[in-house]
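See structure below.
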Amino acid sequence: MTAAPAQPHAVLFACGHNSIRSPMAASLLRQIAPRTLYVRSAGVRKLELDPFAVAAMAEIGLDISKHRPITFEELDNDEGLNFDLIVTLAPEAHHKALELTRTHAVEVEYWPTPDPSGVEGSREHQLDAYRAVRDGLLARIRQRFGWGGVTGNE
């Protein structure tokens, strides 16, 4: 049996644009993690927050509508990249995180997560793709961090 990974004190979720996957993941972890855990999200580039991501999260009672996408560089300039763990959700974010942490003792984990924004069809069909990403991220977060229930940490 392998030992569970050490629990970090500061986690950064990163994806391509910080408009769907990483803000969803950050919100999910904040909801189930102890209040002592610092959680942020960033992207290689940034786009406007995706309204389908907002809708999918609202369905489970989480409001990400006030999230403002930010790049790695903006986050570094604002507060530094002082994280114990960076979880990357897209290949470009993974490469960027590895590049930025070459000289830092930061654990980087890659969780390949599909970008639901390319799904076409009815609104419901598109929203299903966002729900699948949300639910997949929640399952992965619970598996990785071992915290099961909602704590009301908002």
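Convention: chains lettered A, B, ... in structure tokens order; per-chain residue numbering from 1; ligands numbered from 1 as shown.
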
Would you write out, as a tab-separated table, a table of all residues in stretch 6-98 of chain A that have an atom no more than 10 Å from an atom of stretch 122-144 of chain A, listing for each the closest atom pair and the distance in Å to one decimal, considering only C-alpha atoms and ordering rows by chain and rising residue number?
residue	atom	partner	partner_atom	distance
A:Ala6	CA	A:Arg144	CA	9.8
A:Gln7	CA	A:Arg144	CA	9.0
A:Ile20	CA	A:Tyr130	CA	8.5
A:Arg21	CA	A:Val133	CA	7.4
A:Ser22	CA	A:Leu137	CA	9.5
A:Met24	CA	A:Arg134	CA	6.6
A:Ala25	CA	A:Leu137	CA	6.1
A:Ala26	CA	A:Leu137	CA	9.7
A:Ser27	CA	A:Leu138	CA	9.8
A:Leu28	CA	A:Leu138	CA	6.4
A:Leu29	CA	A:Ile141	CA	6.7
A:Ile32	CA	A:Arg142	CA	8.4
A:Ala33	CA	A:Arg142	CA	9.6
A:Pro51	CA	A:Leu127	CA	9.9
A:Phe52	CA	A:Leu127	CA	6.2
A:Ala53	CA	A:Tyr130	CA	6.3
A:Val54	CA	A:Tyr130	CA	9.5
A:Ala55	CA	A:Leu127	CA	8.0
A:Ala56	CA	A:Arg131	CA	5.7
A:Met57	CA	A:Arg134	CA	7.4
A:Glu59	CA	A:Arg131	CA	9.0
A:Ile60	CA	A:Arg134	CA	9.7
A:Leu89	CA	A:Leu137	CA	9.5

Restrict the selected residues to N, CA, C and O atoms and save them as a PDB file, in the first residue's frame.
ATOM      1  N   ALA A   6       1.420  13.891   1.067  1.00  0.00           N
ATOM      2  CA  ALA A   6       1.306  14.856   2.154  1.00  0.00           C
ATOM      3  C   ALA A   6       0.277  15.916   1.790  1.00  0.00           C
ATOM      4  O   ALA A   6       0.175  16.303   0.632  1.00  0.00           O
ATOM      5  N   GLN A   7      -0.467  16.370   2.783  1.00  0.00           N
ATOM      6  CA  GLN A   7      -1.465  17.404   2.517  1.00  0.00           C
ATOM      7  C   GLN A   7      -0.765  18.759   2.436  1.00  0.00           C
ATOM      8  O   GLN A   7      -0.048  19.152   3.351  1.00  0.00           O
ATOM      9  N   ILE A  20     -12.550  28.162 -16.927  1.00  0.00           N
ATOM     10  CA  ILE A  20     -13.474  27.034 -16.739  1.00  0.00           C
ATOM     11  C   ILE A  20     -12.925  26.078 -15.683  1.00  0.00           C
ATOM     12  O   ILE A  20     -13.383  26.043 -14.544  1.00  0.00           O
ATOM     13  N   ARG A  21     -11.948  25.257 -16.091  1.00  0.00           N
ATOM     14  CA  ARG A  21     -11.508  24.133 -15.262  1.00  0.00           C
ATOM     15  C   ARG A  21     -10.851  24.552 -13.953  1.00  0.00           C
ATOM     16  O   ARG A  21     -11.213  24.048 -12.879  1.00  0.00           O
ATOM     17  N   SER A  22      -9.880  25.441 -14.000  1.00  0.00           N
ATOM     18  CA  SER A  22      -9.170  25.784 -12.759  1.00  0.00           C
ATOM     19  C   SER A  22     -10.038  26.546 -11.769  1.00  0.00           C
ATOM     20  O   SER A  22      -9.972  26.262 -10.566  1.00  0.00           O
ATOM     21  N   MET A  24     -13.250  26.157 -11.422  1.00  0.00           N
ATOM     22  CA  MET A  24     -14.160  25.128 -10.906  1.00  0.00           C
ATOM     23  C   MET A  24     -13.440  24.307  -9.838  1.00  0.00           C
ATOM     24  O   MET A  24     -13.975  24.086  -8.741  1.00  0.00           O
ATOM     25  N   ALA A  25     -12.231  23.856 -10.147  1.00  0.00           N
ATOM     26  CA  ALA A  25     -11.476  23.025  -9.211  1.00  0.00           C
ATOM     27  C   ALA A  25     -11.172  23.778  -7.923  1.00  0.00           C
ATOM     28  O   ALA A  25     -11.311  23.229  -6.821  1.00  0.00           O
ATOM     29  N   ALA A  26     -10.764  25.038  -8.043  1.00  0.00           N
ATOM     30  CA  ALA A  26     -10.444  25.824  -6.852  1.00  0.00           C
ATOM     31  C   ALA A  26     -11.675  25.981  -5.961  1.00  0.00           C
ATOM     32  O   ALA A  26     -11.595  25.831  -4.739  1.00  0.00           O
ATOM     33  N   SER A  27     -12.825  26.251  -6.561  1.00  0.00           N
ATOM     34  CA  SER A  27     -14.054  26.399  -5.790  1.00  0.00           C
ATOM     35  C   SER A  27     -14.440  25.095  -5.099  1.00  0.00           C
ATOM     36  O   SER A  27     -14.832  25.091  -3.928  1.00  0.00           O
ATOM     37  N   LEU A  28     -14.303  23.993  -5.808  1.00  0.00           N
ATOM     38  CA  LEU A  28     -14.623  22.689  -5.224  1.00  0.00           C
ATOM     39  C   LEU A  28     -13.718  22.365  -4.036  1.00  0.00           C
ATOM     40  O   LEU A  28     -14.189  21.916  -2.994  1.00  0.00           O
ATOM     41  N   LEU A  29     -12.419  22.606  -4.196  1.00  0.00           N
ATOM     42  CA  LEU A  29     -11.505  22.299  -3.095  1.00  0.00           C
ATOM     43  C   LEU A  29     -11.768  23.220  -1.905  1.00  0.00           C
ATOM     44  O   LEU A  29     -11.772  22.765  -0.760  1.00  0.00           O
ATOM     45  N   ILE A  32     -14.549  21.873   0.340  1.00  0.00           N
ATOM     46  CA  ILE A  32     -14.404  20.674   1.170  1.00  0.00           C
ATOM     47  C   ILE A  32     -13.138  20.659   2.025  1.00  0.00           C
ATOM     48  O   ILE A  32     -12.988  19.796   2.869  1.00  0.00           O
ATOM     49  N   ALA A  33     -12.262  21.623   1.830  1.00  0.00           N
ATOM     50  CA  ALA A  33     -10.976  21.629   2.535  1.00  0.00           C
ATOM     51  C   ALA A  33     -11.072  22.362   3.865  1.00  0.00           C
ATOM     52  O   ALA A  33     -11.958  23.191   4.067  1.00  0.00           O
ATOM     53  N   PRO A  51     -19.723  31.343 -18.894  1.00  0.00           N
ATOM     54  CA  PRO A  51     -21.023  31.283 -18.225  1.00  0.00           C
ATOM     55  C   PRO A  51     -21.532  29.858 -17.984  1.00  0.00           C
ATOM     56  O   PRO A  51     -22.284  29.628 -17.028  1.00  0.00           O
ATOM     57  N   PHE A  52     -21.131  28.898 -18.817  1.00  0.00           N
ATOM     58  CA  PHE A  52     -21.535  27.512 -18.569  1.00  0.00           C
ATOM     59  C   PHE A  52     -20.851  26.976 -17.307  1.00  0.00           C
ATOM     60  O   PHE A  52     -21.435  26.184 -16.573  1.00  0.00           O
ATOM     61  N   ALA A  53     -19.614  27.398 -17.054  1.00  0.00           N
ATOM     62  CA  ALA A  53     -18.921  26.991 -15.825  1.00  0.00           C
ATOM     63  C   ALA A  53     -19.660  27.550 -14.612  1.00  0.00           C
ATOM     64  O   ALA A  53     -19.861  26.855 -13.613  1.00  0.00           O
ATOM     65  N   VAL A  54     -20.079  28.806 -14.706  1.00  0.00           N
ATOM     66  CA  VAL A  54     -20.835  29.428 -13.618  1.00  0.00           C
ATOM     67  C   VAL A  54     -22.126  28.651 -13.377  1.00  0.00           C
ATOM     68  O   VAL A  54     -22.479  28.339 -12.235  1.00  0.00           O
ATOM     69  N   ALA A  55     -22.833  28.301 -14.462  1.00  0.00           N
ATOM     70  CA  ALA A  55     -24.106  27.579 -14.342  1.00  0.00           C
ATOM     71  C   ALA A  55     -23.916  26.188 -13.738  1.00  0.00           C
ATOM     72  O   ALA A  55     -24.687  25.777 -12.865  1.00  0.00           O
ATOM     73  N   ALA A  56     -22.895  25.478 -14.186  1.00  0.00           N
ATOM     74  CA  ALA A  56     -22.649  24.123 -13.671  1.00  0.00           C
ATOM     75  C   ALA A  56     -22.311  24.151 -12.184  1.00  0.00           C
ATOM     76  O   ALA A  56     -22.755  23.286 -11.420  1.00  0.00           O
ATOM     77  N   MET A  57     -21.565  25.142 -11.759  1.00  0.00           N
ATOM     78  CA  MET A  57     -21.214  25.235 -10.341  1.00  0.00           C
ATOM     79  C   MET A  57     -22.414  25.681  -9.506  1.00  0.00           C
ATOM     80  O   MET A  57     -22.608  25.213  -8.386  1.00  0.00           O
ATOM     81  N   GLU A  59     -25.406  24.891  -9.940  1.00  0.00           N
ATOM     82  CA  GLU A  59     -26.274  23.730  -9.733  1.00  0.00           C
ATOM     83  C   GLU A  59     -25.957  22.979  -8.447  1.00  0.00           C
ATOM     84  O   GLU A  59     -26.818  22.312  -7.892  1.00  0.00           O
ATOM     85  N   ILE A  60     -24.714  23.078  -7.985  1.00  0.00           N
ATOM     86  CA  ILE A  60     -24.342  22.394  -6.733  1.00  0.00           C
ATOM     87  C   ILE A  60     -24.124  23.397  -5.596  1.00  0.00           C
ATOM     88  O   ILE A  60     -23.492  23.085  -4.593  1.00  0.00           O
ATOM     89  N   LEU A  89      -4.291  21.163 -15.189  1.00  0.00           N
ATOM     90  CA  LEU A  89      -5.440  20.486 -15.770  1.00  0.00           C
ATOM     91  C   LEU A  89      -5.378  20.440 -17.293  1.00  0.00           C
ATOM     92  O   LEU A  89      -6.270  19.862 -17.918  1.00  0.00           O
TER      93      LEU A  89
END

Item checked: Residue with smallest distance to A:Ala105 - pool A:Glu74, A:Asp84, A:Asp63, A:Asp50, counting only C-alpha atoms ->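 Residue with the minimum atom-to-atom distance to A:Ala105: A:Asp84.
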
Next item on the list: Could you tell me which of A:Leu12, A:Leu62, A:Glu109, A:Leu47 comes closest to A:Asp76 if we count only C-alpha atoms?
Entry: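 The answer is A:Leu12, which sits nearest to A:Asp76.
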
Quick one: pick out all strand (DSSP E or B) residues within stretch 4-148 of chain A from a backbone DSSP run and write them as a CSV table (one decimal) with C-alpha atoms, in the first residue's frame.
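And here's out.csv as it stands now:
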chain,number,residue,atom,x,y,z
A,10,ALA,CA,-1.3,26.1,-0.5
A,11,VAL,CA,-2.7,24.7,-3.7
A,12,LEU,CA,-2.8,26.3,-7.2
A,13,PHE,CA,-5.0,24.9,-9.9
A,14,ALA,CA,-3.9,25.9,-13.4
A,15,CYS,CA,-5.4,25.5,-16.9
A,38,TYR,CA,-5.0,28.4,0.7
A,39,VAL,CA,-6.4,27.8,-2.8
A,40,ARG,CA,-6.0,29.8,-6.0
A,41,SER,CA,-6.3,29.3,-9.7
A,42,ALA,CA,-4.5,30.7,-12.7
A,43,GLY,CA,-4.0,30.2,-16.4
A,71,THR,CA,-2.4,34.4,-15.6
A,85,LEU,CA,1.2,22.0,-4.9
A,86,ILE,CA,0.3,23.1,-8.4
A,87,VAL,CA,-2.3,20.9,-10.0
A,88,THR,CA,-2.4,21.4,-13.8
A,107,GLU,CA,5.1,19.5,-6.3
A,108,VAL,CA,3.3,19.6,-9.7
A,109,GLU,CA,0.6,17.1,-10.5
A,110,TYR,CA,-1.0,16.7,-13.9

Next item on the list: Find the residue from A:Arg68, A:His104, A:His94, A:Arg30 that sits nearest to A:Gly80; use only C-alpha atoms when measuring.
Entry: A:His104

Next item on the list: Please return as a ChimeraX atom specification: the residues of stretch 62-125 of chain A that backbone DSSP assigns to alpha helix (DSSP H).
Entry: /A:72-79,91-100,123-125

Margin query: Which residue is closest to A:Pro34? Choose from A:Ser65, A:Ala90, A:Gly146, A:Asn18 and count only C-alpha atoms.
Written below: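 Of A:Ser65, A:Ala90, A:Gly146, A:Asn18, the one nearest A:Pro34, counting only C-alpha atoms, is A:Gly146.
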